[in-house]
Amino acid sequence: MVKIATWNVNSIKARIEAVVAWLKSASPDIVLLQELKCLEADFPRLELEALGYQSAAVGQKSYNGVAVLSKRPIEVTLSRLPGDESDEQARYLEAVTAGLRVASIYLPNGNPPDGEKYAYKLAWMERLQRHARDLLATETAVVLGGDYNAIPAALDCYDPAAWAGDALYKIETRQRFRGLVNQGWTEAFRALHPHVRSYSFWDYQGGAWQNDLGIRIDHLLLSPQAADRLEDCRIDREPRGRKKASDHTPVICELAA
DNA sequence: ATGGTTGCCTCGCAA
């Protein structure tokens, strides 16, 4: 069994104690982290190594940043999303580890939804679609995990009307997310729990967590060869309820060996 | 209610 998690930690420096505590209790084999908010040189590699995790990261000062942790050796295959050489943002890291190809994805937020940030988001989603097709063509087990900043459907949002015009829920965003999944990917949580309302993000503001006013935007997409092995997928709400929590909580899947 | 919270490391921006 291989246990794979994705977690937007909203600053690895602010969250290292929470991450260490969660790794000790959940003991995932592979972890995909987003929003490191630090340079690669400042990534707390040694603290994670002390827990038995190797790591690879791409960083950026103050913003973005993604990492892959694994109990097994990691071979980095890509440290940026193909398709735009001018894109400097640290949002994509792909690696082979434990016999799987995995990617840690931090898809652009895209707000406000009427300007260049939204155009960048849609272009990024189209680049991801093109690259994802190439990954499917390998006919191997691939897991694309991360913060997609995309609410797939009304069930994934506490109040769809309130989010109607938001970059995370606009129809153009949902169309591109669906287009990606419909290439042949299995969105692990929804595939196993077709009718369950469960969120992965709650805003810090307005008592969103206390009132369970969340959205589901952190996803694990599995190639057919990975989906054939899918045994479980769940959202671990426990870290979100702790003090000094990230606004996201981990999503975990288990694949048969 | 043009509000509210967190993290960056500055006095504003991104989420």
# chains A, B, ... in the order shown; residues from 1 in each chain; ligands from 1
>>> interface_residues(of="chain B", to="chain A", cutoff="6 Å", atoms="only C-alpha atoms (C1' of nucleotides)", output="PyMOL selection string")
chain B and resi 4-5+8
>>> select_by_dssp(residues="range 12-237 of chain A", states="alpha helix (DSSP H)", output="PDB file with N, CA and C atoms, in the first residue's frame")
ATOM      1  N   ILE A  12       5.630  27.032   4.785  1.00  0.00           N
ATOM      2  CA  ILE A  12       6.246  25.888   5.466  1.00  0.00           C
ATOM      3  C   ILE A  12       6.964  26.345   6.742  1.00  0.00           C
ATOM      4  N   LYS A  13       7.464  27.579   6.750  1.00  0.00           N
ATOM      5  CA  LYS A  13       8.146  28.077   7.958  1.00  0.00           C
ATOM      6  C   LYS A  13       7.149  28.264   9.096  1.00  0.00           C
ATOM      7  N   ALA A  14       5.983  28.813   8.787  1.00  0.00           N
ATOM      8  CA  ALA A  14       4.949  29.021   9.810  1.00  0.00           C
ATOM      9  C   ALA A  14       4.322  27.699  10.250  1.00  0.00           C
ATOM     10  N   ARG A  15       4.449  26.661   9.394  1.00  0.00           N
ATOM     11  CA  ARG A  15       3.687  25.416   9.609  1.00  0.00           C
ATOM     12  C   ARG A  15       4.547  24.216   9.950  1.00  0.00           C
ATOM     13  N   ILE A  16       5.862  24.388  10.099  1.00  0.00           N
ATOM     14  CA  ILE A  16       6.721  23.206  10.218  1.00  0.00           C
ATOM     15  C   ILE A  16       6.338  22.321  11.406  1.00  0.00           C
ATOM     16  N   GLU A  17       5.963  22.929  12.527  1.00  0.00           N
ATOM     17  CA  GLU A  17       5.578  22.100  13.684  1.00  0.00           C
ATOM     18  C   GLU A  17       4.317  21.302  13.381  1.00  0.00           C
ATOM     19  N   ALA A  18       3.357  21.934  12.716  1.00  0.00           N
ATOM     20  CA  ALA A  18       2.103  21.250  12.362  1.00  0.00           C
ATOM     21  C   ALA A  18       2.374  20.128  11.360  1.00  0.00           C
ATOM     22  N   VAL A  19       3.269  20.382  10.409  1.00  0.00           N
ATOM     23  CA  VAL A  19       3.592  19.373   9.399  1.00  0.00           C
ATOM     24  C   VAL A  19       4.291  18.178  10.058  1.00  0.00           C
ATOM     25  N   VAL A  20       5.242  18.459  10.929  1.00  0.00           N
ATOM     26  CA  VAL A  20       5.962  17.379  11.627  1.00  0.00           C
ATOM     27  C   VAL A  20       4.983  16.532  12.444  1.00  0.00           C
ATOM     28  N   ALA A  21       4.094  17.200  13.178  1.00  0.00           N
ATOM     29  CA  ALA A  21       3.122  16.467  14.010  1.00  0.00           C
ATOM     30  C   ALA A  21       2.224  15.586  13.137  1.00  0.00           C
ATOM     31  N   TRP A  22       1.807  16.135  11.990  1.00  0.00           N
ATOM     32  CA  TRP A  22       0.901  15.366  11.131  1.00  0.00           C
ATOM     33  C   TRP A  22       1.616  14.187  10.462  1.00  0.00           C
ATOM     34  N   LEU A  23       2.861  14.391  10.048  1.00  0.00           N
ATOM     35  CA  LEU A  23       3.624  13.293   9.440  1.00  0.00           C
ATOM     36  C   LEU A  23       3.796  12.160  10.449  1.00  0.00           C
ATOM     37  N   LYS A  24       4.036  12.521  11.708  1.00  0.00           N
ATOM     38  CA  LYS A  24       4.214  11.491  12.736  1.00  0.00           C
ATOM     39  C   LYS A  24       2.938  10.689  12.948  1.00  0.00           C
ATOM     40  N   SER A  25       1.784  11.346  12.916  1.00  0.00           N
ATOM     41  CA  SER A  25       0.539  10.629  13.202  1.00  0.00           C
ATOM     42  C   SER A  25      -0.018   9.926  11.970  1.00  0.00           C
ATOM     43  N   ALA A  26       0.084  10.542  10.796  1.00  0.00           N
ATOM     44  CA  ALA A  26      -0.533   9.963   9.590  1.00  0.00           C
ATOM     45  C   ALA A  26       0.421   9.029   8.838  1.00  0.00           C
ATOM     46  N   ARG A  45      14.589  20.991   4.999  1.00  0.00           N
ATOM     47  CA  ARG A  45      14.887  19.644   4.517  1.00  0.00           C
ATOM     48  C   ARG A  45      15.373  18.712   5.636  1.00  0.00           C
ATOM     49  N   LEU A  46      16.236  19.251   6.506  1.00  0.00           N
ATOM     50  CA  LEU A  46      16.834  18.394   7.531  1.00  0.00           C
ATOM     51  C   LEU A  46      15.816  17.960   8.586  1.00  0.00           C
ATOM     52  N   GLU A  47      14.897  18.863   8.938  1.00  0.00           N
ATOM     53  CA  GLU A  47      13.878  18.497   9.928  1.00  0.00           C
ATOM     54  C   GLU A  47      12.986  17.370   9.408  1.00  0.00           C
ATOM     55  N   LEU A  48      12.734  17.388   8.106  1.00  0.00           N
ATOM     56  CA  LEU A  48      11.893  16.341   7.514  1.00  0.00           C
ATOM     57  C   LEU A  48      12.690  15.049   7.339  1.00  0.00           C
ATOM     58  N   GLU A  49      13.971  15.212   7.017  1.00  0.00           N
ATOM     59  CA  GLU A  49      14.846  14.048   6.877  1.00  0.00           C
ATOM     60  C   GLU A  49      14.935  13.284   8.197  1.00  0.00           C
ATOM     61  N   GLU A 116      -5.738  40.224 -15.659  1.00  0.00           N
ATOM     62  CA  GLU A 116      -4.637  39.408 -16.169  1.00  0.00           C
ATOM     63  C   GLU A 116      -4.380  38.179 -15.297  1.00  0.00           C
ATOM     64  N   LYS A 117      -4.739  38.256 -14.001  1.00  0.00           N
ATOM     65  CA  LYS A 117      -4.528  37.090 -13.148  1.00  0.00           C
ATOM     66  C   LYS A 117      -5.432  35.933 -13.557  1.00  0.00           C
ATOM     67  N   TYR A 118      -6.634  36.269 -13.978  1.00  0.00           N
ATOM     68  CA  TYR A 118      -7.543  35.200 -14.417  1.00  0.00           C
ATOM     69  C   TYR A 118      -7.098  34.632 -15.768  1.00  0.00           C
ATOM     70  N   ALA A 119      -6.620  35.501 -16.634  1.00  0.00           N
ATOM     71  CA  ALA A 119      -6.099  35.028 -17.925  1.00  0.00           C
ATOM     72  C   ALA A 119      -4.912  34.085 -17.699  1.00  0.00           C
ATOM     73  N   TYR A 120      -4.044  34.439 -16.739  1.00  0.00           N
ATOM     74  CA  TYR A 120      -2.891  33.581 -16.412  1.00  0.00           C
ATOM     75  C   TYR A 120      -3.376  32.229 -15.897  1.00  0.00           C
ATOM     76  N   LYS A 121      -4.394  32.248 -15.036  1.00  0.00           N
ATOM     77  CA  LYS A 121      -4.935  30.991 -14.512  1.00  0.00           C
ATOM     78  C   LYS A 121      -5.447  30.094 -15.634  1.00  0.00           C
ATOM     79  N   LEU A 122      -6.252  30.651 -16.525  1.00  0.00           N
ATOM     80  CA  LEU A 122      -6.828  29.831 -17.598  1.00  0.00           C
ATOM     81  C   LEU A 122      -5.736  29.302 -18.524  1.00  0.00           C
ATOM     82  N   ALA A 123      -4.747  30.143 -18.809  1.00  0.00           N
ATOM     83  CA  ALA A 123      -3.637  29.701 -19.661  1.00  0.00           C
ATOM     84  C   ALA A 123      -2.857  28.589 -18.963  1.00  0.00           C
ATOM     85  N   TRP A 124      -2.685  28.723 -17.649  1.00  0.00           N
ATOM     86  CA  TRP A 124      -1.956  27.706 -16.872  1.00  0.00           C
ATOM     87  C   TRP A 124      -2.709  26.384 -16.901  1.00  0.00           C
ATOM     88  N   MET A 125      -4.044  26.457 -16.793  1.00  0.00           N
ATOM     89  CA  MET A 125      -4.865  25.237 -16.842  1.00  0.00           C
ATOM     90  C   MET A 125      -4.757  24.569 -18.212  1.00  0.00           C
ATOM     91  N   GLU A 126      -4.660  25.367 -19.255  1.00  0.00           N
ATOM     92  CA  GLU A 126      -4.528  24.792 -20.595  1.00  0.00           C
ATOM     93  C   GLU A 126      -3.143  24.160 -20.782  1.00  0.00           C
ATOM     94  N   ARG A 127      -2.122  24.795 -20.225  1.00  0.00           N
ATOM     95  CA  ARG A 127      -0.789  24.174 -20.253  1.00  0.00           C
ATOM     96  C   ARG A 127      -0.798  22.852 -19.490  1.00  0.00           C
ATOM     97  N   LEU A 128      -1.506  22.851 -18.344  1.00  0.00           N
ATOM     98  CA  LEU A 128      -1.575  21.615 -17.551  1.00  0.00           C
ATOM     99  C   LEU A 128      -2.309  20.526 -18.347  1.00  0.00           C
ATOM    100  N   GLN A 129      -3.363  20.899 -19.044  1.00  0.00           N
ATOM    101  CA  GLN A 129      -4.073  19.917 -19.874  1.00  0.00           C
ATOM    102  C   GLN A 129      -3.141  19.303 -20.919  1.00  0.00           C
ATOM    103  N   ARG A 130      -2.367  20.147 -21.579  1.00  0.00           N
ATOM    104  CA  ARG A 130      -1.467  19.631 -22.631  1.00  0.00           C
ATOM    105  C   ARG A 130      -0.437  18.672 -22.035  1.00  0.00           C
ATOM    106  N   HIS A 131       0.147  19.067 -20.901  1.00  0.00           N
ATOM    107  CA  HIS A 131       1.158  18.200 -20.290  1.00  0.00           C
ATOM    108  C   HIS A 131       0.526  16.917 -19.740  1.00  0.00           C
ATOM    109  N   ALA A 132      -0.661  17.042 -19.188  1.00  0.00           N
ATOM    110  CA  ALA A 132      -1.337  15.876 -18.603  1.00  0.00           C
ATOM    111  C   ALA A 132      -1.623  14.817 -19.680  1.00  0.00           C
ATOM    112  N   ARG A 133      -1.915  15.266 -20.912  1.00  0.00           N
ATOM    113  CA  ARG A 133      -2.117  14.311 -22.011  1.00  0.00           C
ATOM    114  C   ARG A 133      -0.856  13.494 -22.263  1.00  0.00           C
ATOM    115  N   ASP A 134       0.281  14.175 -22.212  1.00  0.00           N
ATOM    116  CA  ASP A 134       1.556  13.467 -22.408  1.00  0.00           C
ATOM    117  C   ASP A 134       1.780  12.451 -21.291  1.00  0.00           C
ATOM    118  N   LEU A 135       1.377  12.821 -20.076  1.00  0.00           N
ATOM    119  CA  LEU A 135       1.551  11.892 -18.951  1.00  0.00           C
ATOM    120  C   LEU A 135       0.653  10.666 -19.113  1.00  0.00           C
ATOM    121  N   LEU A 136      -0.580  10.876 -19.571  1.00  0.00           N
ATOM    122  CA  LEU A 136      -1.478   9.734 -19.792  1.00  0.00           C
ATOM    123  C   LEU A 136      -0.909   8.791 -20.843  1.00  0.00           C
ATOM    124  N   ALA A 137      -0.239   9.374 -21.827  1.00  0.00           N
ATOM    125  CA  ALA A 137       0.305   8.571 -22.921  1.00  0.00           C
ATOM    126  C   ALA A 137       1.411   7.631 -22.455  1.00  0.00           C
ATOM    127  N   PRO A 160     -22.841  28.007  -3.482  1.00  0.00           N
ATOM    128  CA  PRO A 160     -22.451  28.248  -4.880  1.00  0.00           C
ATOM    129  C   PRO A 160     -22.833  29.642  -5.376  1.00  0.00           C
ATOM    130  N   ALA A 161     -23.956  30.171  -4.913  1.00  0.00           N
ATOM    131  CA  ALA A 161     -24.381  31.493  -5.383  1.00  0.00           C
ATOM    132  C   ALA A 161     -23.366  32.564  -4.982  1.00  0.00           C
ATOM    133  N   ALA A 162     -22.816  32.416  -3.769  1.00  0.00           N
ATOM    134  CA  ALA A 162     -21.851  33.396  -3.277  1.00  0.00           C
ATOM    135  C   ALA A 162     -20.530  33.322  -4.053  1.00  0.00           C
ATOM    136  N   TRP A 163     -20.264  32.184  -4.676  1.00  0.00           N
ATOM    137  CA  TRP A 163     -19.007  31.973  -5.389  1.00  0.00           C
ATOM    138  C   TRP A 163     -19.160  32.066  -6.910  1.00  0.00           C
ATOM    139  N   ILE A 171     -17.477  29.470 -14.595  1.00  0.00           N
ATOM    140  CA  ILE A 171     -17.704  28.358 -15.529  1.00  0.00           C
ATOM    141  C   ILE A 171     -16.457  28.035 -16.351  1.00  0.00           C
ATOM    142  N   GLU A 172     -15.677  29.074 -16.698  1.00  0.00           N
ATOM    143  CA  GLU A 172     -14.466  28.817 -17.494  1.00  0.00           C
ATOM    144  C   GLU A 172     -13.460  27.969 -16.695  1.00  0.00           C
ATOM    145  N   THR A 173     -13.416  28.188 -15.385  1.00  0.00           N
ATOM    146  CA  THR A 173     -12.535  27.395 -14.521  1.00  0.00           C
ATOM    147  C   THR A 173     -13.032  25.955 -14.439  1.00  0.00           C
ATOM    148  N   ARG A 174     -14.337  25.814 -14.184  1.00  0.00           N
ATOM    149  CA  ARG A 174     -14.887  24.460 -14.059  1.00  0.00           C
ATOM    150  C   ARG A 174     -14.787  23.683 -15.368  1.00  0.00           C
ATOM    151  N   GLN A 175     -14.995  24.376 -16.486  1.00  0.00           N
ATOM    152  CA  GLN A 175     -14.874  23.697 -17.782  1.00  0.00           C
ATOM    153  C   GLN A 175     -13.464  23.144 -17.980  1.00  0.00           C
ATOM    154  N   ARG A 176     -12.476  23.949 -17.623  1.00  0.00           N
ATOM    155  CA  ARG A 176     -11.097  23.487 -17.828  1.00  0.00           C
ATOM    156  C   ARG A 176     -10.735  22.368 -16.849  1.00  0.00           C
ATOM    157  N   PHE A 177     -11.262  22.456 -15.627  1.00  0.00           N
ATOM    158  CA  PHE A 177     -11.006  21.355 -14.690  1.00  0.00           C
ATOM    159  C   PHE A 177     -11.665  20.071 -15.191  1.00  0.00           C
ATOM    160  N   ARG A 178     -12.900  20.191 -15.638  1.00  0.00           N
ATOM    161  CA  ARG A 178     -13.592  19.010 -16.180  1.00  0.00           C
ATOM    162  C   ARG A 178     -12.884  18.479 -17.414  1.00  0.00           C
ATOM    163  N   GLY A 179     -12.411  19.389 -18.257  1.00  0.00           N
ATOM    164  CA  GLY A 179     -11.701  18.976 -19.464  1.00  0.00           C
ATOM    165  C   GLY A 179     -10.465  18.165 -19.126  1.00  0.00           C
ATOM    166  N   LEU A 180      -9.775  18.595 -18.076  1.00  0.00           N
ATOM    167  CA  LEU A 180      -8.597  17.851 -17.614  1.00  0.00           C
ATOM    168  C   LEU A 180      -9.010  16.462 -17.119  1.00  0.00           C
ATOM    169  N   VAL A 181      -9.964  16.399 -16.202  1.00  0.00           N
ATOM    170  CA  VAL A 181     -10.384  15.107 -15.637  1.00  0.00           C
ATOM    171  C   VAL A 181     -10.887  14.190 -16.757  1.00  0.00           C
ATOM    172  N   ALA A 188      -9.875  11.346  -7.252  1.00  0.00           N
ATOM    173  CA  ALA A 188      -9.996  10.247  -6.297  1.00  0.00           C
ATOM    174  C   ALA A 188     -11.121  10.433  -5.283  1.00  0.00           C
ATOM    175  N   PHE A 189     -11.212  11.602  -4.673  1.00  0.00           N
ATOM    176  CA  PHE A 189     -12.230  11.770  -3.626  1.00  0.00           C
ATOM    177  C   PHE A 189     -13.644  11.621  -4.191  1.00  0.00           C
ATOM    178  N   ARG A 190     -13.918  12.313  -5.269  1.00  0.00           N
ATOM    179  CA  ARG A 190     -15.281  12.277  -5.816  1.00  0.00           C
ATOM    180  C   ARG A 190     -15.613  10.917  -6.422  1.00  0.00           C
ATOM    181  N   ALA A 191     -14.603  10.243  -6.966  1.00  0.00           N
ATOM    182  CA  ALA A 191     -14.845   8.913  -7.548  1.00  0.00           C
ATOM    183  C   ALA A 191     -15.299   7.920  -6.480  1.00  0.00           C
ATOM    184  N   LEU A 192     -14.709   8.023  -5.284  1.00  0.00           N
ATOM    185  CA  LEU A 192     -15.047   7.075  -4.221  1.00  0.00           C
ATOM    186  C   LEU A 192     -16.228   7.529  -3.373  1.00  0.00           C
ATOM    187  N   PRO A 224      -5.217   6.078 -15.214  1.00  0.00           N
ATOM    188  CA  PRO A 224      -5.901   4.780 -15.112  1.00  0.00           C
ATOM    189  C   PRO A 224      -5.074   3.717 -14.380  1.00  0.00           C
ATOM    190  N   GLN A 225      -3.760   3.729 -14.608  1.00  0.00           N
ATOM    191  CA  GLN A 225      -2.911   2.714 -13.978  1.00  0.00           C
ATOM    192  C   GLN A 225      -2.796   2.935 -12.471  1.00  0.00           C
ATOM    193  N   ALA A 226      -2.965   4.181 -12.015  1.00  0.00           N
ATOM    194  CA  ALA A 226      -3.016   4.463 -10.577  1.00  0.00           C
ATOM    195  C   ALA A 226      -4.423   4.221 -10.049  1.00  0.00           C
ATOM    196  N   ALA A 227      -5.433   4.628 -10.815  1.00  0.00           N
ATOM    197  CA  ALA A 227      -6.826   4.475 -10.375  1.00  0.00           C
ATOM    198  C   ALA A 227      -7.196   3.010 -10.179  1.00  0.00           C
TER     199      ALA A 227
END
>>> atom_distance(atom1="CA of Asn182 in chain A", atom2="CA of Asp228 in chain A")
16.4 Å
>>> residues_around(residues="Thr97 in chain A", least_positions_apart="3", cutoff="12 Å", atoms="only C-alpha atoms (C1' of nucleotides)", output="list in words")
Val2, Ile4, Asp29, Ile30, Val31, Leu32, Tyr53, Gln54, Ser55, Ala56, Val68, Leu69, Ser70, Lys71, Arg72, Pro73, Ile74, Glu75, Val76, Thr77, Glu94, Leu100, Arg101, Val102, Ala103, Ala141, Val142 and Val143 of chain A
>>> atom_distance(atom1="CA of Phe201 in chain A", atom2="CA of Ala57 in chain A")
22.7 Å
